[in-house]
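Asks: Next up, run25.txt (compact mmCIF, C-alpha atoms).
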```
# COMPACT_ATOMS: atom_id res chain seq x y z
CA MET E 1 150.60 52.47 122.09
CA ARG E 2 148.42 51.35 119.23
CA THR E 3 149.82 51.69 115.74
CA TRP E 4 147.74 51.86 112.60
CA GLY E 5 148.23 48.90 110.31
CA PRO E 6 148.00 48.63 106.53
CA SER E 7 144.31 47.79 106.62
CA VAL E 8 143.43 51.02 108.40
CA ALA E 9 145.64 53.06 106.10
CA LEU E 10 143.93 51.49 103.12
CA ALA E 11 140.51 52.20 104.56
CA ALA E 12 141.48 55.82 105.11
CA ALA E 13 142.75 56.09 101.56
CA LEU E 14 139.51 54.69 100.22
CA LEU E 15 137.63 57.45 102.02
CA VAL E 16 139.40 60.12 99.95
CA PRO E 17 137.16 61.25 97.10
CA ALA E 18 138.87 60.86 93.75
CA SER E 19 138.07 64.49 92.97
CA ILE E 20 140.62 65.77 95.52
CA LEU E 21 143.60 63.75 94.32
CA PRO E 22 146.41 65.77 92.69
CA ALA E 23 145.68 67.01 89.21
CA PRO E 24 147.83 66.00 86.22
CA ALA E 25 151.27 67.56 86.04
CA VAL E 26 151.34 71.17 84.96
CA ALA E 27 153.04 71.58 81.63
CA GLY E 28 156.29 73.44 81.94
CA ALA E 29 156.27 73.35 85.74
CA ARG E 30 159.74 73.68 87.20
CA THR E 31 161.24 73.02 90.57
CA GLY E 32 163.64 75.27 92.34
CA GLY E 33 164.12 77.58 95.28
CA PRO E 34 165.65 77.06 98.71
CA ALA E 35 166.38 73.42 99.50
CA VAL E 36 164.30 73.16 102.66
CA ARG E 37 161.83 70.55 101.44
CA VAL E 38 162.16 67.10 102.99
CA GLY E 39 159.32 65.14 101.38
CA ARG E 40 159.55 63.14 98.19
CA LEU E 41 157.10 63.38 95.35
CA PRO E 42 154.95 60.25 95.05
CA ALA E 43 154.82 58.61 91.65
CA GLY E 44 152.77 60.72 89.26
CA ALA E 45 152.49 63.74 91.58
CA PRO E 46 153.05 67.05 89.79
CA PRO E 47 155.91 69.25 90.96
CA CYS E 48 155.23 72.73 92.29
CA PRO E 49 155.52 75.51 89.69
CA ASN E 50 158.44 77.24 91.38
CA VAL E 51 160.49 79.83 89.60
CA PRO E 52 164.18 78.90 89.93
CA ALA E 53 165.81 80.85 92.73
CA PRO E 54 169.23 80.93 94.42
CA ALA E 55 170.06 77.74 96.31
CA ILE E 56 169.84 78.65 100.01
CA ARG E 57 170.47 75.72 102.32
CA PRO E 58 169.96 75.67 106.08
CA PRO E 59 172.83 74.47 108.28
CA LYS E 60 170.91 71.26 108.87
CA PRO E 61 167.70 70.04 107.21
CA PRO E 62 164.59 69.64 109.35
CA PRO E 63 163.62 66.13 110.42
CA ALA E 64 161.39 63.97 108.29
CA ALA E 65 157.75 64.72 109.01
CA ASP E 66 155.60 62.19 110.82
CA PRO E 67 153.28 60.58 108.20
CA ALA E 68 150.28 61.31 110.40
CA ALA E 69 151.22 65.00 110.64
CA ARG E 70 151.54 65.19 106.85
CA ALA E 71 147.97 63.89 106.46
CA VAL E 72 146.29 66.36 108.83
CA GLY E 73 143.46 67.98 106.91
CA GLY E 74 143.21 65.27 104.26
CA ALA E 75 145.32 62.59 102.63
CA ALA E 76 145.71 64.60 99.43
CA LEU E 77 147.73 67.18 101.37
CA ALA E 78 150.48 64.66 102.19
CA THR E 79 152.63 65.56 99.20
CA ALA E 80 155.75 67.58 98.57
CA GLY E 81 154.29 68.52 95.21
CA LEU E 82 151.30 70.38 93.85
CA VAL E 83 147.76 69.52 94.96
CA LEU E 84 144.87 71.08 93.03
CA PRO E 85 141.11 70.63 92.69
CA PRO E 86 139.98 68.85 89.51
CA VAL E 87 140.12 70.93 86.31
CA ALA E 88 141.66 73.84 88.22
CA PRO E 89 143.88 76.12 86.14
CA ALA E 90 147.59 76.02 86.81
CA PRO E 91 148.52 78.31 89.72
CA PRO E 92 150.97 81.14 89.11
CA ALA E 93 154.65 80.29 89.23
CA VAL E 94 156.15 81.71 92.43
CA THR E 95 159.49 81.27 94.16
CA ALA E 96 157.98 80.08 97.45
CA THR E 97 159.03 76.53 98.28
CA SER E 98 155.62 75.83 99.85
CA TRP E 99 152.24 77.55 99.97
CA VAL E 100 148.56 77.08 100.78
CA VAL E 101 145.40 78.94 99.78
CA ALA E 102 142.43 78.36 102.10
CA ASP E 103 138.99 79.73 102.88
CA LEU E 104 138.96 81.52 106.24
CA ASP E 105 135.26 80.82 106.83
CA SER E 106 134.58 77.30 105.57
CA GLY E 107 138.09 76.02 106.32
CA ALA E 108 138.41 74.53 102.83
CA VAL E 109 141.97 74.19 101.54
CA LEU E 110 141.71 75.23 97.89
CA GLY E 111 145.16 74.13 96.84
CA GLY E 112 148.78 74.11 97.79
CA CYS E 113 152.38 73.24 97.11
CA GLY E 114 153.94 70.97 99.73
CA PRO E 115 151.34 72.02 102.34
CA HIS E 116 152.95 70.01 105.14
CA GLU E 117 156.59 70.52 104.18
CA TYR E 118 158.73 72.05 106.91
CA GLY E 119 159.79 75.66 106.56
CA VAL E 120 161.25 78.39 108.76
CA PRO E 121 158.69 81.06 109.75
CA ALA E 122 160.58 84.33 110.31
CA SER E 123 158.18 87.05 111.47
CA VAL E 124 154.96 85.36 110.36
CA GLN E 125 155.48 83.54 113.65
CA LYS E 126 154.18 86.71 115.26
CA LEU E 127 150.73 85.50 114.20
CA LEU E 128 151.09 82.57 116.59
CA LEU E 129 152.03 85.05 119.30
CA ALA E 130 148.89 87.04 118.48
CA ALA E 131 146.64 83.97 118.50
CA THR E 132 148.07 83.05 121.90
CA MET E 133 148.23 86.39 123.69
CA LEU E 134 145.33 88.48 122.35
CA PRO E 135 142.82 86.70 124.63
CA ARG E 136 145.19 87.03 127.61
CA LEU E 137 146.13 90.71 127.56
CA ASP E 138 143.94 93.74 128.25
CA PRO E 139 144.62 96.19 125.37
CA ASP E 140 143.95 99.21 127.62
CA ARG E 141 146.47 98.18 130.25
CA GLU E 142 149.53 100.43 130.45
CA VAL E 143 152.83 98.60 130.87
CA THR E 144 156.53 99.39 131.09
CA VAL E 145 158.94 98.17 128.41
CA THR E 146 162.12 96.68 129.86
CA ASP E 147 165.74 96.34 128.80
CA GLU E 148 165.06 92.60 128.43
CA ASP E 149 162.40 93.35 125.81
CA LEU E 150 164.89 95.37 123.79
CA ALA E 151 167.46 92.55 123.72
CA ILE E 152 166.95 91.74 120.04
CA GLU E 153 169.32 90.85 117.23
CA PRO E 154 171.12 93.99 115.99
CA GLY E 155 169.68 95.18 112.71
CA SER E 156 166.46 93.22 113.06
CA SER E 157 163.08 94.92 112.81
CA ALA E 158 161.98 97.11 115.70
CA VAL E 159 159.23 99.60 116.42
CA GLY E 160 161.36 101.97 118.44
CA LEU E 161 159.92 101.38 121.90
CA ALA E 162 162.07 102.81 124.69
CA ALA E 163 163.26 100.93 127.75
CA GLY E 164 161.41 102.37 130.72
CA GLY E 165 158.68 103.76 128.45
CA ARG E 166 155.01 103.35 129.39
CA TYR E 167 152.73 102.14 126.60
CA ARG E 168 149.23 100.75 126.27
CA ILE E 169 149.26 97.10 125.23
CA GLU E 170 147.24 98.07 122.18
CA THR E 171 150.12 100.30 121.05
CA ILE E 172 152.51 97.36 121.42
CA TRP E 173 150.18 95.16 119.34
CA LEU E 174 150.17 97.78 116.60
CA GLY E 175 153.96 97.93 116.73
CA LEU E 176 154.09 94.15 116.39
CA LEU E 177 151.69 93.82 113.47
CA LEU E 178 152.45 97.00 111.52
CA LYS E 179 156.24 97.22 111.89
CA SER E 180 157.04 93.64 112.92
CA GLY E 181 158.71 94.93 116.06
CA ASN E 182 160.81 92.23 117.68
CA GLU E 183 160.98 94.16 120.94
CA ALA E 184 157.17 94.31 120.86
CA ALA E 185 157.09 90.52 120.48
CA ASN E 186 159.38 90.08 123.48
CA ALA E 187 157.24 92.41 125.59
CA LEU E 188 153.96 90.69 124.69
CA ALA E 189 155.40 87.21 125.31
CA ARG E 190 156.75 88.36 128.68
CA LEU E 191 153.51 90.05 129.70
CA GLY E 192 151.39 87.06 128.72
CA GLY E 193 153.79 84.42 129.98
CA GLY E 194 152.83 84.54 133.63
CA PRO E 195 155.41 84.00 136.37
CA ASP E 196 157.91 82.56 133.87
CA GLY E 197 157.86 85.67 131.71
CA THR E 198 159.10 85.27 128.14
CA ALA E 199 159.83 81.56 128.60
CA GLY E 200 156.25 81.09 129.76
CA GLY E 201 155.02 83.02 126.75
CA ILE E 202 156.92 80.80 124.32
CA ARG E 203 155.62 77.72 126.10
CA ALA E 204 152.08 79.08 125.77
CA MET E 205 152.66 79.65 122.05
CA ASN E 206 153.63 76.01 121.55
CA GLU E 207 150.62 74.87 123.55
CA GLU E 208 148.37 77.04 121.39
CA ALA E 209 149.92 75.64 118.21
CA ARG E 210 149.11 72.15 119.43
CA ARG E 211 145.54 73.13 120.34
CA LEU E 212 145.00 74.59 116.89
CA GLY E 213 146.25 71.39 115.25
CA ALA E 214 149.49 72.99 114.00
CA ARG E 215 151.54 69.92 114.83
CA GLN E 216 154.48 70.87 112.59
CA THR E 217 154.97 74.21 114.33
CA HIS E 218 157.46 74.78 117.12
CA ALA E 219 158.40 78.22 118.45
CA PHE E 220 161.80 78.98 119.93
CA THR E 221 161.52 82.77 119.87
CA PRO E 222 158.34 84.88 120.20
CA SER E 223 159.36 87.13 117.30
CA GLY E 224 160.27 84.55 114.68
CA LEU E 225 163.97 85.41 114.78
CA ASP E 226 165.72 82.14 113.94
CA GLY E 227 166.45 79.65 116.69
CA PRO E 228 167.23 75.95 116.99
CA GLY E 229 164.27 73.68 116.37
CA GLN E 230 161.97 76.45 115.09
CA PHE E 231 159.75 75.35 112.20
CA THR E 232 156.28 75.58 110.73
CA SER E 233 154.44 74.61 107.54
CA ALA E 234 152.20 76.44 105.09
CA TYR E 235 149.24 74.41 106.33
CA ASP E 236 149.98 75.23 109.97
CA LEU E 237 150.24 78.92 109.14
CA ALA E 238 146.77 78.75 107.58
CA LEU E 239 145.41 77.26 110.83
CA ILE E 240 147.10 80.00 112.85
CA ALA E 241 145.93 82.76 110.51
CA ARG E 242 142.35 81.47 110.70
CA ALA E 243 142.48 81.71 114.49
CA CYS E 244 143.85 85.26 114.26
CA PHE E 245 141.24 86.51 111.80
CA ALA E 246 138.50 85.12 114.03
CA ASP E 247 139.53 87.75 116.61
CA PRO E 248 137.98 91.21 116.03
CA ALA E 249 140.93 92.97 117.68
CA PHE E 250 143.38 91.24 115.36
CA ARG E 251 141.31 92.14 112.30
CA ARG E 252 141.35 95.79 113.37
CA TYR E 253 145.08 95.86 114.14
CA THR E 254 146.23 94.06 111.01
CA ALA E 255 144.16 96.35 108.74
CA THR E 256 145.46 99.56 110.37
CA ARG E 257 147.48 101.65 107.90
CA THR E 258 149.16 104.06 110.31
CA ALA E 259 149.41 104.49 114.08
CA GLU E 260 151.17 106.79 116.52
CA VAL E 261 153.56 105.66 119.21
CA PRO E 262 153.08 108.18 122.04
CA ALA E 263 155.78 110.44 123.43
CA GLN E 264 157.66 109.49 126.58
CA PRO E 265 158.30 112.84 128.30
CA ALA E 266 160.19 111.30 131.21
CA LEU E 267 162.64 109.77 128.72
CA ARG E 268 162.64 112.80 126.38
CA GLU E 269 161.28 110.60 123.60
CA LYS E 270 158.99 112.26 121.04
CA ALA E 271 155.89 110.69 119.56
CA PHE E 272 156.28 109.17 116.11
CA GLN E 273 154.16 107.52 113.43
CA ILE E 274 154.46 103.97 112.16
CA GLN E 275 153.11 102.60 108.86
CA ASN E 276 151.92 99.11 107.98
CA ASP E 277 154.58 97.12 106.10
CA ASN E 278 152.01 94.85 104.45
CA MET E 279 151.75 96.36 100.97
CA LEU E 280 148.82 94.09 100.11
CA LEU E 281 146.59 96.55 101.98
CA ASP E 282 147.48 99.36 99.59
CA HIS E 283 147.63 97.44 96.33
CA TYR E 284 145.11 94.58 96.47
CA PRO E 285 141.36 95.33 96.39
CA GLY E 286 139.64 93.67 99.32
CA ALA E 287 142.83 93.07 101.34
CA ILE E 288 142.06 92.62 105.03
CA GLY E 289 145.51 92.07 106.51
CA GLY E 290 148.43 89.73 106.94
CA LYS E 291 152.08 89.61 107.92
CA THR E 292 155.47 89.78 106.22
CA GLY E 293 158.62 87.98 107.29
CA PHE E 294 162.29 87.58 106.47
CA THR E 295 165.43 86.11 107.98
CA ASP E 296 168.59 84.89 106.29
CA LEU E 297 167.57 81.30 107.00
CA ALA E 298 163.82 81.52 106.39
CA ARG E 299 164.12 83.79 103.33
CA HIS E 300 160.85 85.58 102.60
CA THR E 301 157.66 84.37 104.25
CA TYR E 302 154.18 85.82 103.94
CA VAL E 303 150.60 85.50 105.13
CA GLY E 304 147.89 87.61 103.49
CA ALA E 305 144.10 87.63 103.42
CA ALA E 306 141.47 89.29 101.27
CA GLU E 307 137.71 89.32 100.74
CA ARG E 308 135.94 89.21 97.38
CA GLY E 309 132.28 88.54 96.67
CA GLY E 310 131.61 87.52 100.26
CA GLN E 311 134.45 84.98 100.27
CA ARG E 312 137.52 85.43 102.49
CA LEU E 313 140.72 83.66 101.45
CA VAL E 314 144.10 83.43 103.12
CA VAL E 315 147.42 82.62 101.46
CA THR E 316 150.51 81.41 103.31
CA LEU E 317 153.92 80.98 101.74
CA LEU E 318 157.37 80.00 102.95
CA GLY E 319 160.90 80.11 101.57
CA ALA E 320 160.37 82.67 98.81
CA GLU E 321 163.01 84.63 96.94
CA ILE E 322 162.23 88.02 95.43
CA PRO E 323 164.12 88.45 92.16
CA THR E 324 161.03 90.02 90.55
CA GLN E 325 158.16 89.81 93.07
CA ARG E 326 158.02 90.48 96.78
CA GLY E 327 156.28 88.09 99.13
CA TRP E 328 153.01 90.03 99.13
CA GLN E 329 152.98 90.13 95.33
CA GLN E 330 153.40 86.36 95.15
CA GLY E 331 150.63 86.08 97.73
CA ALA E 332 148.41 88.38 95.65
CA ALA E 333 148.90 86.22 92.56
CA LEU E 334 147.90 83.10 94.51
CA LEU E 335 144.87 84.88 95.98
CA ASP E 336 143.75 85.80 92.45
CA TRP E 337 144.08 82.13 91.51
CA GLY E 338 142.04 81.07 94.54
CA PHE E 339 139.25 83.57 93.93
CA GLY E 340 139.01 82.24 90.38
CA LEU E 341 138.10 78.71 91.54
CA PRO E 342 134.54 77.44 92.04
CA ARG E 343 133.19 78.04 95.53
CA ASP E 344 133.08 74.32 96.29
CA ALA E 345 136.67 73.64 95.20
CA ALA E 346 138.74 71.87 97.85
CA VAL E 347 141.65 69.48 98.28
CA GLY E 348 141.48 69.30 102.07
CA ARG E 349 140.35 71.26 105.08
CA LEU E 350 141.66 73.18 108.06
CA VAL E 351 141.05 71.18 111.22
CA ARG E 352 139.25 72.86 114.09
CA PRO E 353 140.95 73.88 117.36
CA GLY E 354 141.18 70.88 119.69
CA GLU E 355 139.99 68.45 117.02
CA LEU E 356 143.13 66.32 116.89
CA ASP E 357 143.23 66.01 120.68
CA ARG E 358 139.60 64.92 120.76
CA VAL E 359 140.30 62.26 118.14
CA ALA E 360 143.30 60.96 120.07
CA ALA E 361 141.34 60.81 123.33
CA ALA E 362 138.31 59.08 121.82
CA PRO E 363 137.81 55.28 121.86
CA THR E 364 139.29 53.09 119.13
CA GLY E 365 137.83 53.86 115.75
CA ALA E 366 137.00 57.48 116.51
CA ALA E 367 139.45 58.65 113.86
CA SER E 368 137.51 56.74 111.22
CA ALA E 369 134.30 58.27 112.53
CA LEU E 370 135.86 61.70 112.25
CA ALA E 371 136.92 60.98 108.70
CA GLY E 372 133.39 59.95 107.86
CA GLY E 373 132.07 63.12 109.47
CA ALA E 374 134.17 65.20 107.11
CA GLY E 375 132.38 63.89 104.06
CA LEU E 376 130.44 65.51 101.28
CA GLY E 377 127.69 67.01 103.42
CA GLY E 378 124.92 65.93 105.72
CA ALA E 379 124.82 65.90 109.48
CA GLY E 380 128.43 64.83 109.82
CA SER E 381 129.85 67.83 108.01
CA ALA E 382 129.81 70.15 111.00
CA ALA E 383 133.52 69.66 111.58
CA THR E 384 134.25 71.87 108.59
CA GLY E 385 131.82 74.62 109.57
CA ALA E 386 132.57 78.32 109.78
CA TRP E 387 133.98 80.00 112.85
CA PRO E 388 131.28 81.63 114.97
CA GLY E 389 130.35 85.00 113.50
CA THR E 390 132.61 84.72 110.46
CA GLY E 391 130.30 83.51 107.71
CA PRO E 392 128.25 80.61 106.38
CA SER E 393 129.24 77.00 106.85
CA VAL E 394 130.40 75.17 103.74
CA ALA E 395 130.78 71.40 103.79
CA VAL E 396 134.13 70.30 102.35
CA GLY E 397 134.61 66.89 100.75
CA VAL E 398 137.80 65.76 102.39
CA VAL E 399 139.00 63.48 105.12
CA LEU E 400 141.28 63.64 108.14
CA VAL E 401 142.99 60.26 107.97
CA ALA E 402 143.37 58.15 111.07
CA GLY E 403 146.58 59.71 112.28
CA GLY E 404 145.87 61.50 115.54
CA ALA E 405 146.87 58.59 117.75
CA VAL E 406 150.11 58.01 115.86
CA LEU E 407 150.98 61.69 115.87
CA LEU E 408 150.68 62.06 119.63
CA GLY E 409 152.86 59.03 120.25
CA ARG E 410 155.63 60.43 118.08
CA ARG E 411 155.38 64.05 119.15
CA ARG E 412 158.02 63.82 121.86
CA ARG E 413 160.58 62.18 119.60
CA HIS E 414 159.79 64.75 116.93
CA ALA E 415 160.21 67.69 119.33
CA ALA E 416 163.51 66.28 120.54
CA ALA E 417 164.78 66.12 116.97
CA LEU E 418 163.74 69.72 116.38
CA ALA E 419 165.41 70.92 119.56
CA ALA E 420 168.67 69.31 118.48
CA MET E 421 168.96 71.64 115.52
CA PRO E 422 171.88 74.08 115.74
CA PRO E 423 171.35 77.87 115.71
CA ARG E 424 171.07 79.46 112.29
CA ALA E 425 174.03 80.38 110.20
CA ALA E 426 173.72 83.65 108.36
CA VAL E 427 173.26 83.35 104.62
CA PRO E 428 174.02 86.39 102.50
CA GLY E 429 170.95 87.85 100.84
CA ALA E 430 169.62 91.21 99.85
CA LYS E 431 166.86 92.67 102.00
CA MET E 432 163.95 94.81 100.93
CA PRO E 433 161.82 97.27 102.93
CA GLU E 434 159.36 94.57 104.05
CA ASP E 435 162.12 92.49 105.64
CA ASP E 436 162.38 91.58 109.31
```
Show the structure stored in the file as C-alpha cells.

Replies:
Amino acid sequence: MRTWGPSVALAAALLVPASILPAPAVAGARTGGPAVRVGRLPAGAPPCPNVPAPAIRPPKPPPAADPAARAVGGAALATAGLVLPPVAPAPPAVTATSWVVADLDSGAVLGGCGPHEYGVPASVQKLLLAATMLPRLDPDREVTVTDEDLAIEPGSSAVGLAAGGRYRIETIWLGLLLKSGNEAANALARLGGGPDGTAGGIRAMNEEARRLGARQTHAFTPSGLDGPGQFTSAYDLALIARACFADPAFRRYTATRTAEVPAQPALREKAFQIQNDNMLLDHYPGAIGGKTGFTDLARHTYVGAAERGGQRLVVTLLGAEIPTQRGWQQGAALLDWGFGLPRDAAVGRLVRPGELDRVAAAPTGAASALAGGAGLGGAGSAATGAWPGTGPSVAVGVVLVAGGAVLLGRRRRHAAALAAMPPRAAVPGAKMPEDD
C-alpha cells in the first residue's frame, strides 16, 4: 500500500491557512482531569484550560491514534491541546479532558481541546445507535421487549420497559433519548440488527461510524456501557451528532420534555411518565437537544445543541468531572463561547458522510484535490456545505490532509489493538441525577 512521504506531508501542511493554527497560549491555563489523553502537545501549542479534577485512570490507556485519523477535518485539529480561531477569546475552563464546538449546518469546527484524543463515550454512544437505526426502523411498528433486552448492568439507567411488553418503536426511542434506557438500546440494536440481532446492530453501528468519517469510534455495546475496545473522540461525536440532528424524527425525540410509557394490562404494568434528563432544554435559551452520559470509566460525557440568531451549534465533551458544574452546564458555557465568535470563525471542518472512503478509492492525488476543494470559497467549497434542508452553506477555510489512504491501511491493526483492551474496572465516583 502506498505511504505518504515527507514531501506530501509538507505540501498538506502548506495548504493550511495560517489563520487556523493554534492561538497563543492562554494565560493561566491549567491542565488536569482524567488521564485518558494519549497525544503530546507540539512545541508552542497551548494546553487546554481544564480545571483540575480527580485523577481517574483507565485500566489500560487507549492505543496511540493513527496520524491520519488525528488530521481528519484539518491539520490544526491534530493536537492534544487547545485549538482556537485567531483573536478568539479564551474558552471557559471546564473539567472535560476533550471537547469540540461545531456548526451543525456549515460543518465548521469553531474550536476544541484535543479534538481527536481518545475518550470513552458512556451513553452519548446512544447517538450512534440513533444515527444507525432511525432510518431502519418504522416508529409505528409495535414490538415485544425480551428478557435479552433487559439483560443490563445492575444499577445502570433504564426506562422501565417490561419483558413481554408490547411497545411502539417510537416509545422505545423516547425511552432511549429521554431516560438513557439501556434496555431500550438493546431492543433497538436487536430490532435493527437483522438476522444477527444485537450483534448485527453493533456491527451496523461500527459501519455507520466509518461511513460518517468517525474513524476513532468503535462500539462494543449499543448502550455505551463500558466494554473492551470501546472508544470515541470529541470530533467523532460532533460528526455523529450532526447526522442525528439532520433527522427530523431525532430532532423531535431529543427535544421532547415528557412522554408516557403505556400500560401493559397483560403484565399488570401501569402506564408511567418519563422526563428528559437533558437539563440544557430547561435552562438554556434556544436548546434543541442532546444526550448525557456517565460510567465509572468514561466519567461524565455530554453532547448538546442550541440555536441562536439562525446559527445552530453543537458541543461535545468527554471525560468531565462535576465538582461544581454538571456536564450540560460545561456544555452550555462552551456554547456561549461559540456563539460569541464571528460567523466565519473556524479551525477545521466536519467531513461529510462517505467522504473519506471516496478519497481513499480515488486515483493517486485525489486527497490533495480534496484538500484544495476545502479552501476559502469558490466552486471547490461544496464539501463543507450544509446538510440538505438544514440551513445555508458556509465555506470553511480548512483542509483535510492527505490521510485517507494511510488511515484505511492501518484501520485493521488499530481495531485489533482496541479489541485487545480488557473490560473496565470500576472506579469509585459520585453519581448525579443525569448519570447513566

Asks: State, in Å with one decimal place, the distance from CA of Gln330 (chain E) to CA of Pro285 (chain E).

Replies: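 Interatomic distance here is 15.1 Å.
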
Asks: As an exercise, work out the distance from CA of Ala305 (chain E) to CA of Ile202 (chain E) in Å and give it to one decimal place.

Replies: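 Calculated distance between CA of Ala305 (chain E) and CA of Ile202 (chain E) is 25.5 Å.
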
Asks: Could you check the closest approach to Thr256 (chain E) for each of E:Thr144, E:Thr171, E:Ser233, E:Gln329 and tell me which residue wins, using all atoms listed in the file?

Replies: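 Counting all atoms listed in the file, the residue closest to Thr256 (chain E) is E:Thr171.
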
Asks: Skipping near chain neighbours, those fewer than 6 positions away, what residues fall within 8 Å of Val145 (chain E) using all atoms listed in the file, listed as a list in words?

Replies: Leu161, Ala162, Ala163, Gly164, Gly165, Arg166, Tyr167 and Ala187 of chain E

Asks: For the residues in that selection, give me C-alpha atoms as a tab-separated table (two decimals), in the frame of the given file.

Replies:
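Produced file again.tsv, reproduced below:
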```
chain	number	residue	atom	x	y	z
E	161	LEU	CA	159.92	101.38	121.90
E	162	ALA	CA	162.07	102.81	124.69
E	163	ALA	CA	163.26	100.93	127.75
E	164	GLY	CA	161.41	102.37	130.72
E	165	GLY	CA	158.68	103.76	128.45
E	166	ARG	CA	155.01	103.35	129.39
E	167	TYR	CA	152.73	102.14	126.60
E	187	ALA	CA	157.24	92.41	125.59
```

Asks: May I have the protein, DNA and RNA residues with any atom at most 12 Å from the point (148.9, 84.1, 86.2), counting only C-alpha atoms, written as a list in words?

Replies: Pro49, Pro89, Ala90, Pro91, Pro92, Ala93, Val94, Gln329, Gln330, Gly331, Ala332, Ala333, Leu334, Leu335, Asp336, Trp337, Gly338 and Gly340 of chain E

Asks: Just checking: using only C-alpha atoms, which residue out of E:Ala64, E:Ile240, E:Ala130, E:Val124 ends up closest to Arg211 (chain E)?

Replies: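 Nearest to Arg211 (chain E): E:Ile240.
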